[in-house]
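J.: Would you mind keeping the following structure in view while I ask a few things?
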Protein chains: 2
Amino acid sequence: MAKTRIGILGYGNLGRGVELACRQNDDMEFAALFTRRDPATVKPLTDGVAVYAAADLAAHADDVDVLVLCGGSASDLPEQTPACASLFNVVDSFDTHANIPVHFANVDVEAKAGGKVAVISAGWDPGMFSLARLYANSILPEGRDYTFWGRGVSQGHSDAIRRIEGVADARQYTVPVPEALDAVRAGENPELTTRQKHTRECYVVAKEGADKAAIEKAIVEMPNYFSDYDTTVTFVTQEELDRDHAGIPHGGSVIRSGVTGAGGEHAHVVEYSLKLDSNPEFTGSVLVACARAAHRLAREGQTGCKTLFDIPPAYLSPLAAEELRASML
Amino acid sequence: MAKTRIGILGYGNLGRGVELACRQNDDMEFAALFTRRDPATVKPLTDGVAVYAAADLAAHADDVDVLVLCGGSASDLPEQTPACASLFNVVDSFDTHANIPVHFANVDVEAKAGGKVAVISAGWDPGMFSLARLYANSILPEGRDYTFWGRGVSQGHSDAIRRIEGVADARQYTVPVPEALDAVRAGENPELTTRQKHTRECYVVAKEGADKAAIEKAIVEMPNYFSDYDTTVTFVTQEELDRDHAGIPHGGSVIRSGVTGAGGEHAHVVEYSLKLDSNPEFTGSVLVACARAAHRLAREGQTGCKTLFDIPPAYLSPLAAEELRASML
């Protein structure tokens, strides 16, 4: 069978993650990169990939089977995904949970108008963690859900620290509280406050002469981001930050604790957990599996917006149904 | 919407698990029980359920929307599922992994002939564990799979002990080796022999005057079941067995350890784990979620044999697609 020709819009960490995932999958071909930068200045890792200006996307609708949108959820994807969905089969990682219904509706109308398939909110949360919640809730209707994130780098929280006066650079780790995780895994169904679930570790490079006490105060008291958490601030040099905190690890656990029986006398704990060395590479790998499914759904004549909830799991795999049943069931 | 009327064939531990799961799901109604025993002697927990002889199944094809087959994989399901699949939408938990392709083919032809939907090999392994393997393999094509079972009761191994001369009763626990599990979770990708992955704990009631040394030797040297494992045998009284080992707990972990990056430099560990107080009740809960999906697929006009690999995850849930996107994505 012909390979699925992948287009990538946006060549940051996530775009590179998608590119690397294409290289690990024989049925995928990274065919075209679209960028808002000057195409002449952007060099993909992969030889022979065409680089086009994002403004010229429409002219290349026939060059790719699935366009993977690698922009941000705050301002890029709400515009880009609907704009592209009538021209291309698309996959995005839109992750602003509260706005997913609106984004879905906006993308769905465009995808249907163009006769294309769109898969939104793919990745690990939303994405694999969402699937874990859905499956566990469908099996155990009486129970409680818990989601723990980390230990991992939060880009948003790191950015928030960098905007504080006197800060040269920063890296923030979200860390689950071990006692809380243990209690949930033991099926104790604890009531947990925000503070009891996660702590936040900040590694900060101060500018020369900056007031470190003021920086620390500004961090730990920052509303929404840090004030509801036990937050530790450690000042390091730029060299230390670059040496010890260059990676983008992340992960976490989705746990459902539920009961069955005539009187709820049997407890069950279902856990899905991820330990990821590279958040963008893992997310990119999920996006490529979704691109495979999008292409297959499109070949079947389906149209409109989908999420991982709507995709038969077998569609994510390059293996045929018979092979899957024989080897993985 | 009208409830899904569930029929249950076979009223052992699994059949009762399906019944209890129906009671936890408002959209499910346990409508009819079919048994090979004298129907007059079988009393379901649920009031008002019709009890029929298994021989009369065909006469009640219009009384249920989905028939859940709760027999064993060794001799019941290979006959029963194909025999019922042309008359009913069916769900089974066929778990002889090596024979799934043949079972699938036998059921598929009957379901298609009758215009019905069949979902086979549902439960947790095969079932939820299979899904964990499929998703993780689709995302991380370069990696290794590990499955650990337990700590939990193996019915097959318990039965094998009971067949030894001088044994009155027995209960066998399969237990993962903690060091092996830790190494896999740490991403060390160990090569593990059968003996290095699991140990087997046997609690045995000897008949009066039986030769305990001979029983222990017969257990630990039994090929396939015990000889490849480090096996411990503890003799207990029937009272102790009934008091301390009456439950049917089980569980385990499916772990995929894979890499991404230009040179495989980033490691990822994906784990799906279950801790179940009641194996048959959890399995029954999976079967009921699959019955919901089977009914929905049938209403859409689909026919033939399916597995969890073919079912869009949303079909397992009683919630509408919009609710799922708003609450779980």
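We name chains A, B, ... following the order of the structure tokens; residues begin at 1 in each chain, and ligands are numbered from 1 as shown.
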Taking the DSSP assignment computed from this structure's backbone, write out as a tab-separated table (two decimals) with N, CA and C atoms, in the first residue's frame all residues of stretch 52-124 of chain A that belong to strand (DSSP E).
T.:
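Heads up, here's the output in selection_5.tsv:
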```tsv
chain	number	residue	atom	x	y	z
A	52	TYR	N	7.42	24.81	2.45
A	52	TYR	CA	6.59	25.85	1.84
A	52	TYR	C	6.19	26.88	2.89
A	53	ALA	N	5.82	28.06	2.40
A	53	ALA	CA	5.28	29.08	3.29
A	53	ALA	C	3.87	28.66	3.72
A	66	VAL	N	-2.47	13.78	4.93
A	66	VAL	CA	-2.92	14.29	6.23
A	66	VAL	C	-1.99	15.42	6.66
A	67	LEU	N	-2.58	16.54	7.06
A	67	LEU	CA	-1.80	17.67	7.57
A	67	LEU	C	-1.85	17.64	9.10
A	68	VAL	N	-0.67	17.60	9.73
A	68	VAL	CA	-0.61	17.60	11.19
A	68	VAL	C	-0.27	19.00	11.66
A	69	LEU	N	-1.19	19.57	12.43
A	69	LEU	CA	-1.06	20.96	12.87
A	69	LEU	C	-0.30	20.99	14.19
A	89	ASN	N	-7.30	16.53	5.20
A	89	ASN	CA	-7.50	15.73	6.41
A	89	ASN	C	-6.50	16.28	7.42
A	90	VAL	N	-6.95	16.56	8.63
A	90	VAL	CA	-6.05	17.20	9.60
A	90	VAL	C	-6.05	16.44	10.93
A	91	VAL	N	-4.96	16.64	11.67
A	91	VAL	CA	-4.85	16.15	13.05
A	91	VAL	C	-4.26	17.28	13.87
A	117	VAL	N	-11.63	14.47	6.83
A	117	VAL	CA	-11.65	13.97	8.21
A	117	VAL	C	-10.70	14.82	9.05
A	118	ALA	N	-11.16	15.23	10.22
A	118	ALA	CA	-10.31	15.95	11.17
A	118	ALA	C	-10.29	15.18	12.48
A	119	VAL	N	-9.10	15.01	13.05
A	119	VAL	CA	-8.98	14.42	14.39
A	119	VAL	C	-8.39	15.49	15.29
```
J.: Find the residues of chain B that sit at most 7 Å from chain A; for each, write down the nearest two atoms and how far apart they are in Å, to one decimal. Count only C-alpha atoms. Sort by chain, then by number going up, and give it as a tab-separated table.
T.:
```
residue	atom	partner	partner_atom	distance
B:Leu20	CA	A:Gly261	CA	5.9
B:Gln24	CA	A:Pro141	CA	6.8
B:Pro101	CA	A:Ala326	CA	6.2
B:Pro126	CA	A:Leu329	CA	5.5
B:Gly127	CA	A:Leu329	CA	7.0
B:Ser130	CA	A:Leu329	CA	4.7
B:Arg133	CA	A:Met328	CA	6.4
B:Leu134	CA	A:Met328	CA	6.5
B:Tyr135	CA	A:Pro313	CA	6.9
B:Ser138	CA	A:Ser317	CA	4.9
B:Ile139	CA	A:Val286	CA	5.3
B:Leu140	CA	A:Ser285	CA	6.9
B:Pro141	CA	A:Gln24	CA	6.8
B:Thr260	CA	A:Glu281	CA	6.5
B:Gly261	CA	A:Leu20	CA	5.9
B:Ala262	CA	A:Leu20	CA	6.2
B:His266	CA	A:Asp277	CA	5.3
B:Ala267	CA	A:Asp277	CA	5.5
B:His268	CA	A:Leu276	CA	4.5
B:Val269	CA	A:Lys275	CA	5.1
B:Val270	CA	A:Leu274	CA	4.8
B:Glu271	CA	A:Ser273	CA	5.2
B:Tyr272	CA	A:Tyr272	CA	4.5
B:Ser273	CA	A:Glu271	CA	5.2
B:Leu274	CA	A:Val270	CA	4.8
B:Lys275	CA	A:Val269	CA	5.1
B:Leu276	CA	A:His268	CA	4.6
B:Asp277	CA	A:His266	CA	5.3
B:Ser278	CA	A:His266	CA	6.2
B:Glu281	CA	A:Thr260	CA	6.5
B:Ser285	CA	A:Ile139	CA	5.4
B:Val286	CA	A:Ile139	CA	5.3
B:Ala289	CA	A:Ile139	CA	6.0
B:Phe309	CA	A:Ala314	CA	5.0
B:Asp310	CA	A:Pro312	CA	4.9
B:Ile311	CA	A:Pro312	CA	5.0
B:Pro312	CA	A:Pro312	CA	4.2
B:Pro313	CA	A:Phe309	CA	5.1
B:Ala314	CA	A:Phe309	CA	5.1
B:Leu316	CA	A:Ser138	CA	5.9
B:Ser317	CA	A:Ser138	CA	4.9
B:Arg325	CA	A:Pro101	CA	6.6
B:Ala326	CA	A:Pro101	CA	6.2
B:Met328	CA	A:Ser130	CA	5.7
B:Leu329	CA	A:Ser130	CA	4.7
```
J.: Name the residues in contact with stretch 202-211 of chain A at a cut-off of 7 Å, using only C-alpha atoms, excluding same-chain residues fewer than 2 positions from it; report them as a PyMOL selection string.
T.: chain A and resi 166-173+200+213-215+232-238
J.: Write out as JSON, numbers by chain all residues of stretch 60-151 of chain A that backbone DSSP assigns to helix (DSSP H, G or I).
T.: {"A": [60, 77, 78, 79, 80, 81, 82, 83, 84, 85, 97, 98, 99, 100, 101, 102, 103, 104, 105, 106, 107, 108, 109, 110, 111, 112, 113, 114, 128, 129, 130, 131, 132, 133, 134, 135, 136, 137, 138, 139]}
J.: Include C-alpha atoms and write out the residues we just selected as a CSV table (one decimal), in the first residue's frame.
T.:
```csv
chain,number,residue,atom,x,y,z
A,60,HIS,CA,-0.4,22.1,-1.8
A,77,LEU,CA,-5.1,26.0,16.5
A,78,PRO,CA,-8.4,27.8,17.1
A,79,GLU,CA,-7.7,29.6,13.8
A,80,GLN,CA,-5.6,27.1,11.9
A,81,THR,CA,-7.5,23.8,12.3
A,82,PRO,CA,-10.9,25.1,11.0
A,83,ALA,CA,-9.1,27.0,8.3
A,84,CYS,CA,-7.3,23.9,7.1
A,85,ALA,CA,-10.1,21.3,7.7
A,97,HIS,CA,-10.0,21.2,27.7
A,98,ALA,CA,-12.8,23.7,28.4
A,99,ASN,CA,-12.9,24.9,24.8
A,100,ILE,CA,-12.9,21.5,23.1
A,101,PRO,CA,-16.7,21.5,22.4
A,102,VAL,CA,-16.4,24.9,20.5
A,103,HIS,CA,-13.3,23.8,18.7
A,104,PHE,CA,-14.9,20.5,17.7
A,105,ALA,CA,-18.0,22.3,16.3
A,106,ASN,CA,-15.8,24.8,14.4
A,107,VAL,CA,-13.7,22.1,12.8
A,108,ASP,CA,-16.6,19.7,12.2
A,109,VAL,CA,-18.5,22.2,9.9
A,110,GLU,CA,-15.4,22.9,7.8
A,111,ALA,CA,-14.3,19.2,7.5
A,112,LYS,CA,-17.8,18.2,6.5
A,113,ALA,CA,-18.0,21.1,3.9
A,114,GLY,CA,-14.7,19.9,2.4
A,128,MET,CA,-4.4,8.7,25.8
A,129,PHE,CA,-5.4,10.0,29.3
A,130,SER,CA,-8.9,10.7,28.0
A,131,LEU,CA,-9.2,7.2,26.6
A,132,ALA,CA,-8.1,5.8,30.0
A,133,ARG,CA,-10.9,7.9,31.7
A,134,LEU,CA,-13.5,6.8,29.1
A,135,TYR,CA,-12.7,3.1,29.2
A,136,ALA,CA,-12.5,2.9,33.0
A,137,ASN,CA,-15.8,4.9,33.4
A,138,SER,CA,-17.6,2.7,31.0
A,139,ILE,CA,-16.5,-0.4,32.9
```
J.: Please provide the set of residues having any atom within 10 Å of B:Leu181, restricted to only C-alpha atoms, with same-chain residues fewer than 6 positions apart removed, written as a PyMOL selection string.
T.: chain B and resi 146-148+190+196-198+253+255
J.: Once you have the residues from the selection above, write them out as a short mmCIF file (atom, residue, chain, number, x, y, z; two decimals), in the first residue's frame, restricted to N, CA and C atoms.
T.:
```
data_model
loop_
_atom_site.label_atom_id
_atom_site.label_comp_id
_atom_site.auth_asym_id
_atom_site.auth_seq_id
_atom_site.Cartn_x
_atom_site.Cartn_y
_atom_site.Cartn_z
N TYR B 146 5.64 -6.09 27.87
CA TYR B 146 5.68 -6.99 29.03
C TYR B 146 4.28 -7.11 29.61
N THR B 147 3.87 -8.31 29.94
CA THR B 147 2.61 -8.49 30.66
C THR B 147 2.89 -9.26 31.94
N PHE B 148 2.48 -8.68 33.05
CA PHE B 148 2.56 -9.36 34.35
C PHE B 148 1.13 -9.62 34.83
N PRO B 190 14.60 -5.55 30.48
CA PRO B 190 15.27 -6.82 30.78
C PRO B 190 14.74 -7.96 29.92
N GLN B 196 11.58 -15.83 36.01
CA GLN B 196 11.94 -14.51 36.54
C GLN B 196 10.76 -13.55 36.60
N LYS B 197 9.67 -13.87 35.90
CA LYS B 197 8.53 -12.94 35.86
C LYS B 197 7.49 -13.20 36.96
N HIS B 198 7.20 -14.46 37.21
CA HIS B 198 6.12 -14.77 38.16
C HIS B 198 6.51 -15.90 39.09
N SER B 253 -0.36 -6.04 35.02
CA SER B 253 0.12 -4.84 34.33
C SER B 253 0.57 -5.18 32.92
N ILE B 255 2.90 -3.42 30.16
CA ILE B 255 3.88 -2.33 30.08
C ILE B 255 4.54 -2.37 28.71
#
```
J.: Set the distance at 8 Å and use only C-alpha atoms: which residues neighbour B:Met28 once local chain neighbours fewer than 6 positions away are removed? I'd like the list as a VMD selection string.
T.: chain B and resid 3 to 6 22 292
J.: Residues near B:Arg195, anyone? I mean within 10 Å using only C-alpha atoms, not counting same-chain ones fewer than 4 positions away, as a PyMOL selection string.
T.: chain B and resi 176-177+199-200+226-231
J.: Save the residues we just selected, N, CA and C atoms, as a PDB file, in the first residue's frame?
T.:
```pdb
ATOM      1  N   PRO B 176       3.514 -11.594  40.486  1.00  0.00           N
ATOM      2  CA  PRO B 176       4.642 -11.052  39.726  1.00  0.00           C
ATOM      3  C   PRO B 176       5.869 -10.899  40.631  1.00  0.00           C
ATOM      4  N   VAL B 177       7.045 -11.107  40.072  1.00  0.00           N
ATOM      5  CA  VAL B 177       8.280 -10.912  40.838  1.00  0.00           C
ATOM      6  C   VAL B 177       8.556  -9.409  40.930  1.00  0.00           C
ATOM      7  N   THR B 199       5.996 -15.856  40.321  1.00  0.00           N
ATOM      8  CA  THR B 199       6.054 -17.002  41.218  1.00  0.00           C
ATOM      9  C   THR B 199       4.632 -17.519  41.421  1.00  0.00           C
ATOM     10  N   ARG B 200       4.534 -18.743  41.936  1.00  0.00           N
ATOM     11  CA  ARG B 200       3.206 -19.343  42.163  1.00  0.00           C
ATOM     12  C   ARG B 200       3.096 -19.794  43.611  1.00  0.00           C
ATOM     13  N   PHE B 226       3.518 -25.695  36.666  1.00  0.00           N
ATOM     14  CA  PHE B 226       4.348 -25.261  37.793  1.00  0.00           C
ATOM     15  C   PHE B 226       5.849 -25.453  37.621  1.00  0.00           C
ATOM     16  N   SER B 227       6.264 -26.388  36.756  1.00  0.00           N
ATOM     17  CA  SER B 227       7.685 -26.751  36.760  1.00  0.00           C
ATOM     18  C   SER B 227       8.593 -25.609  36.289  1.00  0.00           C
ATOM     19  N   ASP B 228       8.054 -24.663  35.544  1.00  0.00           N
ATOM     20  CA  ASP B 228       8.879 -23.548  35.069  1.00  0.00           C
ATOM     21  C   ASP B 228       8.888 -22.358  36.032  1.00  0.00           C
ATOM     22  N   TYR B 229       8.282 -22.541  37.197  1.00  0.00           N
ATOM     23  CA  TYR B 229       8.138 -21.429  38.146  1.00  0.00           C
ATOM     24  C   TYR B 229       8.718 -21.804  39.505  1.00  0.00           C
ATOM     25  N   ASP B 230       9.078 -20.782  40.274  1.00  0.00           N
ATOM     26  CA  ASP B 230       9.360 -21.007  41.685  1.00  0.00           C
ATOM     27  C   ASP B 230       8.008 -21.082  42.392  1.00  0.00           C
ATOM     28  N   THR B 231       7.715 -22.264  42.893  1.00  0.00           N
ATOM     29  CA  THR B 231       6.385 -22.542  43.440  1.00  0.00           C
ATOM     30  C   THR B 231       6.497 -22.858  44.923  1.00  0.00           C
TER      31      THR B 231
END
```
J.: What's the 8 Å shell around B:Leu9, counting only C-alpha atoms, without same-chain residues fewer than 3 positions away, as a PyMOL selection string?
T.: chain B and resi 15+33-35+54+67-71
J.: Between atom CA of B:Gly7 and atom CA of B:Asp65, measure the distance and give it in Å to one decimal.
T.: 7.6 Å
